[in-house]
Structures are given as C-alpha cells and as structure tokens.
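query.cif follows; it contains mmCIF, C-alpha atoms and all ligand atoms.
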data_data
#
loop_
_atom_site.label_atom_id
_atom_site.label_comp_id
_atom_site.auth_asym_id
_atom_site.auth_seq_id
_atom_site.Cartn_x
_atom_site.Cartn_y
_atom_site.Cartn_z
CA MET T 17 0.00 0.00 0.00
CA ALA T 18 1.52 3.31 -1.08
CA ASN T 19 2.22 6.00 1.49
CA LYS T 20 -0.54 8.57 1.41
CA ARG T 21 1.17 11.30 3.41
CA TRP T 22 3.56 13.50 1.46
CA ASP T 23 5.41 16.67 2.46
CA ILE T 24 6.46 19.11 -0.27
CA PHE T 25 9.00 21.86 0.38
CA CYS T 26 9.03 25.02 -1.72
CA LYS T 27 11.54 27.85 -1.54
CA ILE T 28 10.59 30.91 -3.53
CA VAL T 29 13.86 32.09 -5.09
CA ASP T 30 12.45 34.79 -7.33
CA ASN T 31 9.53 35.16 -9.71
CA TYR T 32 6.57 32.81 -9.62
CA GLY T 33 7.84 29.59 -11.16
CA ASP T 34 8.86 27.80 -7.96
CA ILE T 35 5.55 28.29 -6.23
CA GLY T 36 3.65 27.99 -9.53
CA VAL T 37 5.01 24.48 -10.05
CA CYS T 38 4.75 23.41 -6.38
CA TRP T 39 1.18 24.59 -6.03
CA ARG T 40 0.06 22.95 -9.26
CA LEU T 41 1.74 19.68 -8.33
CA SER T 42 0.41 19.72 -4.75
CA ARG T 43 -3.15 20.22 -5.91
CA GLN T 44 -2.89 17.51 -8.52
CA LEU T 45 -1.39 14.97 -6.09
CA ALA T 46 -4.14 15.73 -3.58
CA ILE T 47 -7.08 15.84 -5.96
CA GLU T 48 -6.18 13.22 -8.55
CA HIS T 49 -4.08 10.82 -6.48
CA GLY T 50 -5.90 11.15 -3.16
CA LEU T 51 -2.72 12.00 -1.23
CA ASN T 52 -2.57 14.02 1.99
CA ILE T 53 -0.28 16.82 0.96
CA ARG T 54 1.39 19.26 3.30
CA LEU T 55 3.03 22.11 1.42
CA PHE T 56 5.79 24.03 3.23
CA ILE T 57 6.31 27.56 1.89
CA ASP T 58 8.88 30.18 2.92
CA ASP T 59 7.21 33.28 1.45
CA PHE T 60 3.45 33.54 1.95
CA LYS T 61 3.29 36.99 0.39
CA VAL T 62 4.49 35.86 -3.03
CA ALA T 63 2.62 32.56 -2.72
CA SER T 64 -0.66 34.37 -2.12
CA LYS T 65 -0.47 35.74 -5.70
CA LEU T 66 -0.94 32.18 -6.92
CA ILE T 67 -2.85 30.52 -4.12
CA ALA T 68 -6.22 32.22 -3.91
CA GLY T 69 -7.38 32.64 -0.32
CA LEU T 70 -3.96 32.10 1.27
CA GLU T 71 -3.66 34.22 4.40
CA GLU T 72 -0.28 35.53 5.41
CA ASN T 73 -0.39 35.05 9.15
CA THR T 74 -2.38 31.87 9.51
CA PHE T 75 -0.47 28.70 10.35
CA ASN T 76 -2.43 25.69 9.11
CA GLN T 77 -4.66 26.38 6.14
CA ILE T 78 -6.30 23.83 3.89
CA ILE T 79 -6.89 25.10 0.39
CA GLU T 80 -8.16 22.86 -2.42
CA GLY T 81 -7.31 19.81 -0.32
CA VAL T 82 -3.72 20.89 0.38
CA GLU T 83 -2.51 21.76 3.88
CA ILE T 84 -0.27 24.82 3.68
CA VAL T 85 2.24 25.58 6.42
CA PRO T 86 5.18 27.95 6.85
CA ARG T 87 8.58 26.40 6.12
CA SER T 88 9.68 27.30 9.65
CA CYS T 89 7.24 24.63 10.96
CA GLY T 90 9.53 22.06 9.37
CA LYS T 91 11.88 22.49 12.35
CA THR T 92 9.43 20.98 14.81
CA THR T 93 7.17 18.74 12.80
CA GLU T 94 7.22 14.97 12.22
CA PRO T 95 8.22 14.25 8.59
CA ALA T 96 5.83 12.43 6.25
CA PRO T 97 6.80 9.04 4.82
CA VAL T 98 7.38 10.70 1.41
CA VAL T 99 9.21 14.03 1.21
CA LEU T 100 9.57 16.10 -1.95
CA GLU T 101 12.30 18.66 -1.94
CA THR T 102 11.80 20.90 -4.95
CA PHE T 103 14.57 22.52 -6.97
CA SER T 104 17.24 21.49 -4.40
CA CYS T 105 15.75 23.95 -1.92
CA ASP T 106 17.44 22.30 1.13
CA LEU T 107 15.34 20.90 3.94
CA PRO T 108 15.51 22.35 7.47
CA ALA T 109 18.30 20.51 9.40
CA PRO T 110 16.10 19.36 12.34
CA TYR T 111 13.52 18.03 9.87
CA LEU T 112 16.24 16.10 8.03
CA GLN T 113 17.38 14.52 11.27
CA LYS T 114 13.85 13.34 11.95
CA MET T 115 13.59 11.94 8.43
CA VAL T 116 16.29 9.47 9.46
CA SER T 117 14.14 7.91 12.16
CA VAL T 118 11.04 7.89 9.94
CA GLN T 119 13.18 6.61 7.01
CA SER T 120 11.21 8.87 4.69
CA THR T 121 11.45 8.45 0.95
CA TRP T 122 13.34 11.55 -0.16
CA ILE T 123 12.86 12.82 -3.71
CA ASN T 124 14.26 16.03 -5.13
CA VAL T 125 12.20 17.35 -8.05
CA GLU T 126 14.51 19.30 -10.32
CA TYR T 127 14.01 22.11 -12.85
CA LEU T 128 12.67 21.21 -16.26
CA SER T 129 15.18 20.94 -19.06
CA ALA T 130 15.20 19.37 -22.51
CA GLU T 131 18.94 18.75 -22.44
CA PRO T 132 19.85 15.15 -23.36
CA TRP T 133 21.79 14.48 -20.12
CA VAL T 134 18.48 14.61 -18.21
CA ASN T 135 17.59 11.15 -19.64
CA ASP T 136 20.60 9.65 -17.85
CA PHE T 137 20.31 11.50 -14.56
CA HIS T 138 16.59 11.05 -13.99
CA ALA T 139 15.61 8.77 -11.06
CA LYS T 140 19.18 8.27 -9.88
CA PRO T 141 19.89 7.79 -6.17
CA SER T 142 22.47 9.76 -4.25
CA GLN T 143 23.57 8.27 -0.93
CA GLN T 144 23.74 10.74 1.95
CA PRO T 145 26.13 8.86 4.27
CA ALA T 146 26.08 11.48 7.01
CA LEU T 147 22.32 10.96 7.32
CA ASN T 148 22.00 7.31 6.40
CA LEU T 149 19.40 8.32 3.82
CA THR T 150 19.14 8.16 0.04
CA LYS T 151 18.04 11.14 -1.97
CA TYR T 152 16.57 10.45 -5.40
CA TYR T 153 16.76 12.95 -8.25
CA PHE T 154 13.59 13.30 -10.28
CA PHE T 155 13.98 15.25 -13.51
CA PRO T 156 10.90 16.51 -15.37
CA GLY T 157 11.37 16.32 -19.10
CA PHE T 158 10.11 15.80 -22.59
CA THR T 159 11.03 12.16 -23.21
CA ASP T 160 9.81 8.84 -21.83
CA GLN T 161 13.13 8.40 -20.02
CA THR T 162 12.44 11.46 -17.83
CA GLY T 163 9.90 12.39 -15.16
CA GLY T 164 7.54 13.95 -17.73
CA LEU T 165 5.54 17.18 -17.69
CA ILE T 166 2.88 18.42 -15.27
CA ARG T 167 -0.50 17.84 -16.89
CA GLU T 168 -3.80 17.52 -15.07
CA GLN T 169 -6.04 14.64 -16.09
CA ASN T 170 -8.81 16.67 -17.75
CA LEU T 171 -6.70 19.51 -19.04
CA ILE T 172 -6.77 18.71 -22.74
CA THR T 173 -10.51 17.97 -22.65
CA GLN T 174 -11.15 21.29 -20.89
CA ARG T 175 -8.98 23.14 -23.39
CA ASN T 176 -10.74 21.57 -26.36
CA ALA T 177 -14.15 22.40 -24.88
CA PHE T 178 -13.13 26.04 -24.34
CA ILE T 179 -11.71 26.40 -27.84
CA ALA T 180 -14.89 24.92 -29.34
CA ASP T 181 -17.14 27.18 -27.25
CA GLU T 182 -17.46 30.69 -28.75
CA GLN T 183 -19.63 31.84 -25.87
CA ALA T 184 -17.16 30.71 -23.21
CA GLN T 185 -14.45 32.66 -25.03
CA GLN T 186 -16.61 35.77 -25.29
CA CYS T 187 -17.36 35.56 -21.56
CA PHE T 188 -13.64 35.28 -20.89
CA TRP T 189 -12.82 38.41 -22.92
CA GLN T 190 -15.67 40.26 -21.24
CA ARG T 191 -14.29 39.33 -17.81
CA MET T 192 -10.94 40.74 -18.93
CA GLY T 193 -12.67 43.89 -20.17
CA ILE T 194 -11.36 43.38 -23.69
CA GLU T 195 -13.11 44.09 -26.94
CA GLN T 196 -12.14 41.23 -29.19
CA THR T 197 -12.07 42.46 -32.76
CA ALA T 198 -8.42 42.13 -33.74
CA GLU T 199 -7.05 39.58 -36.22
CA LEU T 200 -4.40 38.38 -33.77
CA SER T 201 -4.40 37.98 -29.99
CA ILE T 202 -1.00 37.71 -28.40
CA SER T 203 -0.03 37.17 -24.77
CA LEU T 204 3.39 38.51 -23.78
CA PHE T 205 4.73 37.04 -20.53
CA ALA T 206 8.47 37.60 -20.64
CA TYR T 207 11.57 38.77 -18.81
CA PRO T 208 12.39 42.46 -19.33
CA GLU T 209 15.53 41.53 -21.33
CA ALA T 210 13.47 40.18 -24.25
CA ASN T 211 13.84 41.98 -27.57
CA VAL T 212 10.31 43.33 -27.56
CA LYS T 213 11.12 46.33 -29.73
CA ASP T 214 11.87 44.37 -32.91
CA PHE T 215 8.88 42.15 -32.30
CA LEU T 216 6.50 45.11 -32.02
CA ILE T 217 7.98 46.80 -35.09
CA ALA T 218 7.56 43.62 -37.13
CA LEU T 219 4.03 43.19 -35.83
CA MET T 220 3.10 46.70 -36.91
CA GLN T 221 4.73 46.14 -40.30
CA SER T 222 2.68 42.97 -40.76
CA HIS T 223 -0.44 45.19 -41.13
CA LYS T 224 -2.44 42.76 -39.03
CA SER T 225 -4.59 44.24 -36.31
CA ALA T 226 -3.44 42.80 -33.02
CA ASN T 227 -4.34 42.81 -29.34
CA VAL T 228 -1.24 42.32 -27.24
CA PHE T 229 -1.70 41.37 -23.58
CA VAL T 230 1.09 42.28 -21.22
CA PRO T 231 0.96 41.02 -17.63
CA PHE T 232 1.70 43.85 -15.24
CA GLY T 233 5.32 43.78 -14.11
CA SER T 234 6.75 41.28 -16.58
CA ILE T 235 8.08 42.94 -19.70
CA LEU T 236 6.48 46.32 -19.10
CA GLU T 237 9.74 47.94 -18.09
CA ALA T 238 11.05 47.19 -21.60
CA ILE T 239 7.89 48.45 -23.29
CA GLN T 240 7.53 51.67 -21.28
CA PRO T 241 10.54 53.46 -22.88
CA LEU T 242 9.12 52.74 -26.34
CA TYR T 243 6.04 54.81 -25.50
CA PRO T 244 7.35 57.32 -22.92
CA LYS T 245 4.19 59.44 -22.89
CA HIS T 246 1.87 56.59 -21.92
CA ASP T 247 1.18 55.53 -18.36
CA PHE T 248 1.26 51.72 -18.34
CA SER T 249 -0.59 51.04 -15.13
CA SER T 250 -2.48 47.79 -14.64
CA GLY T 251 -5.73 47.88 -16.62
CA SER T 252 -4.52 50.56 -19.04
CA LYS T 253 -4.49 50.23 -22.81
CA LEU T 254 -2.60 51.92 -25.61
CA LYS T 255 -3.62 51.94 -29.25
CA VAL T 256 -0.99 52.56 -31.93
CA ASP T 257 -2.37 52.07 -35.44
CA GLY T 258 -3.63 48.48 -35.64
CA LEU T 259 -1.91 47.47 -32.45
CA THR T 260 -3.55 47.66 -29.01
CA LEU T 261 -1.45 46.97 -25.95
CA TYR T 262 -3.40 45.90 -22.86
CA VAL T 263 -1.77 45.79 -19.44
CA LEU T 264 -3.33 42.93 -17.52
CA PRO T 265 -3.32 42.44 -13.77
CA PHE T 266 -1.78 39.21 -12.47
CA LEU T 267 -4.40 36.57 -13.27
CA SER T 268 -5.25 33.40 -11.37
CA GLN T 269 -3.54 30.33 -12.83
CA GLU T 270 -6.92 29.25 -14.23
CA GLU T 271 -7.58 32.57 -15.97
CA TYR T 272 -4.00 32.75 -17.24
CA GLU T 273 -4.55 29.30 -18.72
CA ARG T 274 -7.65 30.53 -20.55
CA LEU T 275 -5.70 33.49 -21.85
CA LEU T 276 -3.17 31.04 -23.38
CA TRP T 277 -6.00 28.99 -24.90
CA ALA T 278 -7.72 32.09 -26.29
CA CYS T 279 -4.65 33.72 -27.87
CA ASP T 280 -3.15 32.98 -31.28
CA ILE T 281 0.45 33.37 -30.11
CA ASN T 282 1.80 33.05 -26.58
CA PHE T 283 5.09 34.33 -25.25
CA VAL T 284 6.04 32.42 -22.12
CA ARG T 285 9.06 32.13 -19.88
CA GLY T 286 10.75 30.18 -17.08
CA GLU T 287 9.19 26.80 -16.40
CA ASP T 288 5.50 26.62 -15.61
CA SER T 289 4.07 28.98 -18.25
CA TRP T 290 6.33 27.22 -20.80
CA VAL T 291 4.62 23.88 -20.16
CA ARG T 292 1.18 25.50 -20.13
CA ALA T 293 1.90 27.01 -23.57
CA ILE T 294 2.61 23.53 -24.88
CA TRP T 295 -0.75 22.33 -23.55
CA ALA T 296 -2.51 25.35 -25.07
CA GLY T 297 -1.63 23.92 -28.49
CA LYS T 298 -1.00 27.40 -29.93
CA PRO T 299 2.22 28.73 -31.48
CA PHE T 300 4.46 30.04 -28.73
CA ILE T 301 7.85 31.56 -28.04
CA TRP T 302 9.66 30.43 -24.91
CA GLN T 303 12.17 32.66 -23.17
CA PRO T 304 14.42 30.68 -20.82
CA TYR T 305 15.39 32.13 -17.44
CA ILE T 306 18.60 34.06 -18.15
CA GLN T 307 21.75 32.41 -16.78
CA SER T 308 25.44 33.28 -16.74
CA GLU T 309 27.64 32.30 -19.70
CA ASN T 310 24.53 32.01 -21.85
CA THR T 311 23.73 28.57 -20.45
CA HIS T 312 20.09 29.39 -21.06
CA LEU T 313 20.73 29.44 -24.81
CA LEU T 314 21.94 25.82 -24.63
CA LYS T 315 18.66 24.98 -22.90
CA LEU T 316 16.77 26.82 -25.61
CA ASP T 317 18.57 24.92 -28.36
CA ALA T 318 17.98 21.61 -26.61
CA PHE T 319 14.27 22.36 -26.37
CA LEU T 320 13.97 23.50 -29.97
CA ASP T 321 15.69 20.28 -31.08
CA ILE T 322 13.11 18.15 -29.28
CA TYR T 323 10.17 20.38 -30.08
CA SER T 324 11.00 20.59 -33.80
CA THR T 325 11.33 16.84 -34.34
CA ASN T 326 9.16 15.82 -37.29
CA THR T 327 8.80 19.25 -38.81
CA THR T 328 10.18 20.56 -42.08
CA PRO T 329 13.65 22.17 -42.07
CA ALA T 330 11.99 25.47 -43.09
CA LEU T 331 9.59 25.49 -40.11
CA LYS T 332 12.39 24.43 -37.79
CA THR T 333 14.51 27.37 -38.95
CA CYS T 334 11.55 29.71 -38.63
CA LEU T 335 10.92 28.63 -35.01
CA ARG T 336 14.59 28.80 -34.09
CA ASN T 337 15.14 32.25 -35.61
CA ALA T 338 12.10 33.71 -33.85
CA HIS T 339 13.20 32.27 -30.50
CA LEU T 340 16.72 33.60 -30.97
CA ALA T 341 15.40 37.02 -31.98
CA TRP T 342 13.32 37.17 -28.79
CA SER T 343 16.25 36.12 -26.59
CA ASN T 344 18.65 38.64 -28.21
CA ALA T 345 20.68 35.86 -29.74
CA ALA T 346 19.91 36.20 -33.45
CA ASP T 347 22.62 34.63 -35.60
CA ASP T 348 21.87 34.13 -39.31
CA ALA T 349 18.68 36.14 -39.76
CA SER T 350 17.86 39.67 -38.62
CA PRO T 351 15.15 39.86 -35.93
CA LEU T 352 12.77 41.70 -38.25
CA GLU T 353 13.12 39.07 -40.99
CA SER T 354 12.66 36.34 -38.42
CA TRP T 355 9.38 37.80 -37.21
CA GLN T 356 8.15 38.35 -40.76
CA ALA T 357 8.83 34.68 -41.52
CA PHE T 358 7.13 33.70 -38.25
CA PHE T 359 3.95 35.65 -39.05
CA ALA T 360 3.90 34.23 -42.58
CA ALA T 361 4.19 30.69 -41.21
CA LEU T 362 1.45 31.06 -38.57
CA PRO T 363 -1.05 28.59 -40.14
CA SER T 364 1.62 25.85 -40.30
CA LEU T 365 2.89 26.75 -36.85
CA GLN T 366 -0.66 26.46 -35.50
CA GLN T 367 -1.03 22.98 -36.96
CA TYR T 368 2.36 21.98 -35.66
CA ALA T 369 1.66 23.28 -32.14
CA GLN T 370 -1.45 21.07 -32.06
CA THR T 371 0.49 18.03 -33.19
CA ARG T 372 3.21 18.54 -30.59
CA SER T 373 0.73 19.20 -27.82
CA GLN T 374 -1.02 15.93 -28.66
CA ALA T 375 2.23 14.00 -28.80
CA PHE T 376 3.44 15.26 -25.40
CA ALA T 377 -0.01 14.66 -23.90
CA ALA T 378 0.28 11.00 -24.92
CA GLN T 379 3.14 10.60 -22.43
CA THR T 380 2.55 9.86 -18.74
CA ASP T 381 2.28 13.07 -16.71
CA LEU T 382 4.72 14.11 -14.01
CA ALA T 383 2.48 13.60 -10.95
CA THR T 384 1.59 10.06 -12.02
CA LYS T 385 5.26 9.28 -12.66
CA LEU T 386 6.15 10.63 -9.22
CA VAL T 387 3.58 8.40 -7.53
CA ILE T 388 4.81 5.34 -9.45
CA PHE T 389 8.42 6.24 -8.66
CA SER T 390 7.77 6.62 -4.92
CA GLU T 391 6.03 3.23 -4.88
CA LYS T 392 9.01 1.65 -6.59
CA ILE T 393 11.38 3.12 -4.01
CA GLU T 394 9.13 1.81 -1.25
CA GLN T 395 9.24 -1.66 -2.77
CA ASN T 396 13.04 -1.48 -3.28
CA GLN T 397 12.60 -1.68 -7.04
CA VAL T 398 14.79 1.30 -7.92
O1 LIG K 1 7.93 33.50 -12.95
P1 LIG K 1 8.84 32.71 -13.77
O2 LIG K 1 9.86 33.47 -14.49
O3 LIG K 1 9.53 31.61 -12.90
C1 LIG K 1 10.88 31.22 -13.09
C2 LIG K 1 11.02 29.77 -13.42
O4 LIG K 1 10.44 28.93 -12.47
C3 LIG K 1 12.47 29.44 -13.54
O5 LIG K 1 12.64 28.08 -13.84
C4 LIG K 1 13.15 29.74 -12.23
O6 LIG K 1 14.48 29.47 -12.34
C5 LIG K 1 12.91 31.19 -11.90
O7 LIG K 1 11.53 31.51 -11.90
C6 LIG K 1 13.46 31.52 -10.55
O8 LIG K 1 8.01 31.91 -14.88
P2 LIG K 1 7.08 30.62 -14.78
O9 LIG K 1 7.89 29.42 -14.42
O10 LIG K 1 6.33 30.55 -16.02
O11 LIG K 1 6.07 30.91 -13.58
C7 LIG K 1 5.05 31.85 -13.67
C8 LIG K 1 3.83 31.35 -12.92
O12 LIG K 1 2.89 32.40 -12.78
C9 LIG K 1 3.10 30.23 -13.64
O13 LIG K 1 2.58 29.31 -12.68
C10 LIG K 1 1.93 30.93 -14.34
C11 LIG K 1 1.62 31.99 -13.31
N1 LIG K 1 0.92 33.17 -13.81
C12 LIG K 1 -0.36 33.42 -13.29
O14 LIG K 1 -0.88 32.62 -12.49
N2 LIG K 1 -1.01 34.58 -13.68
C13 LIG K 1 -0.47 35.45 -14.57
O15 LIG K 1 -1.11 36.47 -14.90
C14 LIG K 1 0.83 35.15 -15.11
C15 LIG K 1 1.45 36.08 -16.11
C16 LIG K 1 1.50 34.01 -14.69
#
Please express the file's structure as structure tokens.
Amino acid sequence: MANKRWDIFCKIVDNYGDIGVCWRLSRQLAIEHGLNIRLFIDDFKVASKLIAGLEENTFNQIIEGVEIVPRSCGKTTEPAPVVLETFSCDLPAPYLQKMVSVQSTWINVEYLSAEPWVNDFHAKPSQQPALNLTKYYFFPGFTDQTGGLIREQNLITQRNAFIADEQAQQCFWQRMGIEQTAELSISLFAYPEANVKDFLIALMQSHKSANVFVPFGSILEAIQPLYPKHDFSSGSKLKVDGLTLYVLPFLSQEEYERLLWACDINFVRGEDSWVRAIWAGKPFIWQPYIQSENTHLLKLDAFLDIYSTNTTPALKTCLRNAHLAWSNAADDASPLESWQAFFAALPSLQQYAQTRSQAFAAQTDLATKLVIFSEKIEQNQV
C-alpha cells in the first residue's frame, strides 16, 4: 500500500515559477491521487499571488485539499513518509534529522530541461552517508526516459471544450474587459531583457490588427521606454495604429490558462508557463530564465531540437530564428526578418503546435510518474 502522506517543500527564489510548479503539483497529487499533501512555503506573500485565499499570518490552512504551512514549521514537525524537496531547496536541518528515524522516501524534483543528459540522470539515487538516507533525483522532461511534464487529467478535454465554445471565449474576454475584434491575440509574458522592440515593429509592419496582452510587471519595463508618454498602469491600454497593448493584472492560474487557450500566439518564460503554452496547443515563443555564460541558450537549443522533431527544415529554422530574436541571440537572420517569416508561417505553426501538444499529452504526466516512482522506491525496485 503506497504511502498517502507527502510533504512538499518550496523555496521561492524569485519570480513565480517555484511556487507555480509546487502549487500545481500539490493540488494535482491531492485531488487526482488522493494523497494528503502538506506544502511548506517560505514566502506567503508571493505565494498568495498564486494561491487564492492564502492568508499571510495563519499557520495551518487547507486550500483545495492541500494543507499549507510555513517552512519554519519544518523544524518541529514529524516528517511524512514521502518528502519532496523541490529545486534542491534544502530541507531544514532538524527536519532532516527526523527523516532518518522515519526513514522517509526523499525525492528532489529538479528544474525542467530538454537537455539530453536529463535522460541519464533522472531517477538516480544519491547516498547521503552522514544521514543514512538516500536522496533520489527526479527530472521533469520531454522524453519517456524522464519524469515527464505536469499535466492535469482533464486539461486537454477542458482546453478543447473552451476552444470549441465561442460563448465561453466571449465571456472570458468580457471578464478581462477586452473588446475582441483584432485579427491576432497575443499574450506577452516575458523577462524584461526580451527583444520586444523588434517584435512590435515587425508586428506593426505585418499590417495585421493585433491585441497584445502584457501582464503587469513582466516585460512592461522594456515596453515603457518605447512609449514614454503613456502611463502603463495595470488595466490601461494603448492603441498605436492596428496594435492595441493591454496591461493585464496578475491573473489566477486558471484565468492565465484561458488566456493562453484564447490567444493565437503566446510568449512564455521560465518553467511553468512554458509547459502551459505547450498544452494550449498554440504557437508560442519560450524565453528561458537568463543564466550566466549564456547557459540558457543551450537549454533553448535543446528544447527547440526536441520540439522541432518531425517538422520541415523550413519550419524548424523559422521557429529557431524567432526564438533567438526574442532572446537577443539572433545569428543568421535579422530579428525583423525572423518575425516576418514567423507571421507568414502562422497557419503551419498552428497545426504543428497542435500536433506537438497531442504528442506530449500521450506521455505519462509528471504527478503520475512521481507516484509510481515513490512506490518503486518503497518496494526497493529502484
Ligand atoms: O515567474 P517565472 O519566471 O519563474 C521562473 C522559473 O520557475 C524558472 O525556472 C526559475 O528558475 C525562476 O523563476 C526563478 O516563470 P514561470 O515558471 O512561467 O512561472 C510563472 C507562474 O505564474 C506560472 O505558474 C503561471 C503563473 N501566472 C499566473 O498565475 N497569472 C499570470 O497572470 C501570469 C502572467 C502568470
């Protein structure tokens, strides 16, 4: 019988990805796998942006079936039989000591990467002699040899129903306060370093009317200098010829998901929005979290290699050039040419995004793989 009690530790380094992933995973393990999840969080203020109803100064809260506690409680509490450390966030020392007597199963869920080495490192044990415990490394990924991608059971069905339902989409735009008459809808969630200027120029040159949705705080600081006279506060909009820029407030994960489903092109970043863009089945541009020595560009290349399997060389080049233009790493083609080619290829890119979404959705999802993996450890089968 599998252990039903799991502890998950989340340390919010910066941005929303750490808590975005931990919260999504916690909910899914609780709701779909019937586990008793206790989620330890170090920063309730940031977490409350993603966890609706989370109160800053309340100790034990149960939200959507997940018990949420401050990380500091880890010092005094009894560990669960299964402990997930996420992104090597380090567990509190007294908690670790108690894990020895409980002999908890200890799994570290790592960051998502498409790099080929992930296939070899996934599910490997690392002995911790000082503690007489084994820590297992669980790597999310895009191949069957990895820990997979987070995907809720009914996600694709819900997406398909939304996309087929004109009225549901209209209601969504109304809730956002957006008049939906443009030829293209584009969501722009990105780091401020993205080359937004060339993208907007190319978009205006395309002569397509476009609604561009910018989450407050993400790439706004790069857009603001382009239109110095406009005040880009949350809820504001700016119309320049056929282009309308909307500044959106931070949405709930559910509403953000609908935005991705409703748009024709999505710009995403980091880890969690990246995976959600794949499930949206719409053309997207991923901006990796920027790292020293351009390591992030290796990650980008690795992803594009996997993502572009089975496409034509021309579409592969088109996708690569647009991604490089966005990440300020254009090599062969100029950013403007890359975006022109991208807009011209949109119908094929749309079809391709659907195909890839379907193919990845045919793989086992991350939460299910985690449950299977923990059972195998329990039965000494790893
Ligand atoms: O915020 P991010 O840049 O997070 C990143 C990544 O996790 C990266 O791997 C890590 O190294 C770095 O932080 C420290 O991007 P990400 O991963 O897409 O997380 C954003 C989350 O915010 C995701 O769960 C979607 C959610 N979101 C909303 O819920 N509403 C919104 O309006 C928006 C724009 C995002």
**Prompt:** Which residue out of T:Glu209, T:Asp23, T:Asp214, T:Asp321 has the minimum interatomic distance to Leu352 of chain T when all atoms listed in the file are used?
**Reply:**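 Selected residue with least distance to Leu352 of chain T: T:Asp214.
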Box for segment 73-86 of chain T: with edges along x, y and z, all listed atoms inside and 4 Å added on each side, what are the centre and edge lengths in Å to one decimal, as lines of an AutoDock Vina configuration file?
center_x = -1.5
center_y = 27.4
center_z = 4.0
size_x = 21.3
size_y = 23.2
size_z = 20.8
**Item:** Which of T:Phe215, T:Gln161, T:Phe205, T:Trp122 sits closest to Gln143 of chain T [using all atoms listed in the file]
**Value:**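 The answer is T:Trp122, which sits nearest to Gln143 of chain T.
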**Prompt:** Hey, which of T:Ile194, T:Leu254, T:Leu316, T:Leu275 ends up closest to ligand LIG 1 (chain K)? Count all atoms listed in the file.
**Reply:**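 For ligand LIG 1 (chain K), the nearest of the given residues is T:Leu275.
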**Item:** Nearest to ligand LIG 1 (chain K), chosen from T:Ser252, T:Asn135, T:Ser104, T:Asn19, with all atoms listed in the file counted in the distances
**Value:**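 The closest residue to ligand LIG 1 (chain K) is T:Ser104.
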**Item:** Selection: 7 Å around segment 26-30 of chain T, only C-alpha atoms, excl. self and same-chain fewer than 4 positions, as a PyMOL selection string
**Value:** chain T and resi 34-35+38+56-59+102+105
**Message:** Calculated over only C-alpha atoms and all ligand atoms, which of the candidates T:Asp347, T:Glu195, T:Glu182, T:Glu271 has the smallest distance to ligand LIG 1 (chain K)?
**Reply:**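 Looking at the shortest contact to ligand LIG 1 (chain K), the residue is T:Glu271.
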**Asked** How many Å separate atom CA of Phe266 of chain T from atom CA of Leu41 of chain T?
**Response**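 Between these atoms lies a distance of 20.3 Å.
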**Asked** Which polymer residues, protein or nucleic acid, are no farther than 10 Å from (-2.8, 21.4, -23.9), counting only C-alpha atoms, as a ChimeraX atom specification?
**Response** /T:167-168,170-176,273,276-277,291-298,369-370,372-374,376-377
**Request:** May I have the residues within 12 Å of Glu237 of chain T as an MDAnalysis selection string, using only C-alpha atoms and disregarding those fewer than 2 positions away in the same chain?
**Result:** chainID T and resid 206:213 230:235 239:244 247:249 263
**Prompt:** Excluding same-chain residues fewer than 3 positions from Pro132 of chain T, what lies within 10 Å of it counting all atoms listed in the file, as a VMD selection string?
**Reply:** chain T and resid 129 135 to 137 157 to 159 162 315 318 to 319 322
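Minimum distance to ligand LIG 1 (chain K) across T:Pro299, T:Pro351, T:Gly69, T:Pro304 (counting all atoms listed in the file) occurs at T:Pro304.
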**Request:** Could you pull out the residues sitting within 7 Å of ligand LIG 1 (chain K), using all atoms listed in the file, and write them as a list in words?
**Result:**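 Those residues are Val29, Asp30, Asn31, Tyr32, Gly33, Asp34, Gly36, Val37, Leu66, Tyr127, Phe205, Pro231, Pro265, Phe266, Leu267, Ser268, Gln269, Tyr272, Val284, Arg285, Gly286, Glu287, Asp288, Ser289, Trp290 and Tyr305 of chain T.
Note that atom CA of Leu100 of chain T and atom CA of Ser117 of chain T are 16.9 Å apart.
What separates atom CA of Ser64 of chain T from atom CA of Ile202 of chain T is a distance of 26.5 Å.
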**Prompt:** Residues at most 7 Å from segment 226-229 of chain T, counting all atoms listed in the file, excluding those fewer than 2 positions away in the same chain, as a PyMOL selection string?
**Reply:** chain T and resi 198-204+224+231+258-264
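The list of residues with at least one atom within 10 Å of Lys114 of chain T, based on only C-alpha atoms and without residues fewer than 3 positions apart in the same chain, reads Lys91, Thr92, Thr93, Glu94, Pro95, Ala96, Ala109, Pro110, Tyr111, Ser117, Val118, Gln119, Ser120 and Leu147 of chain T.
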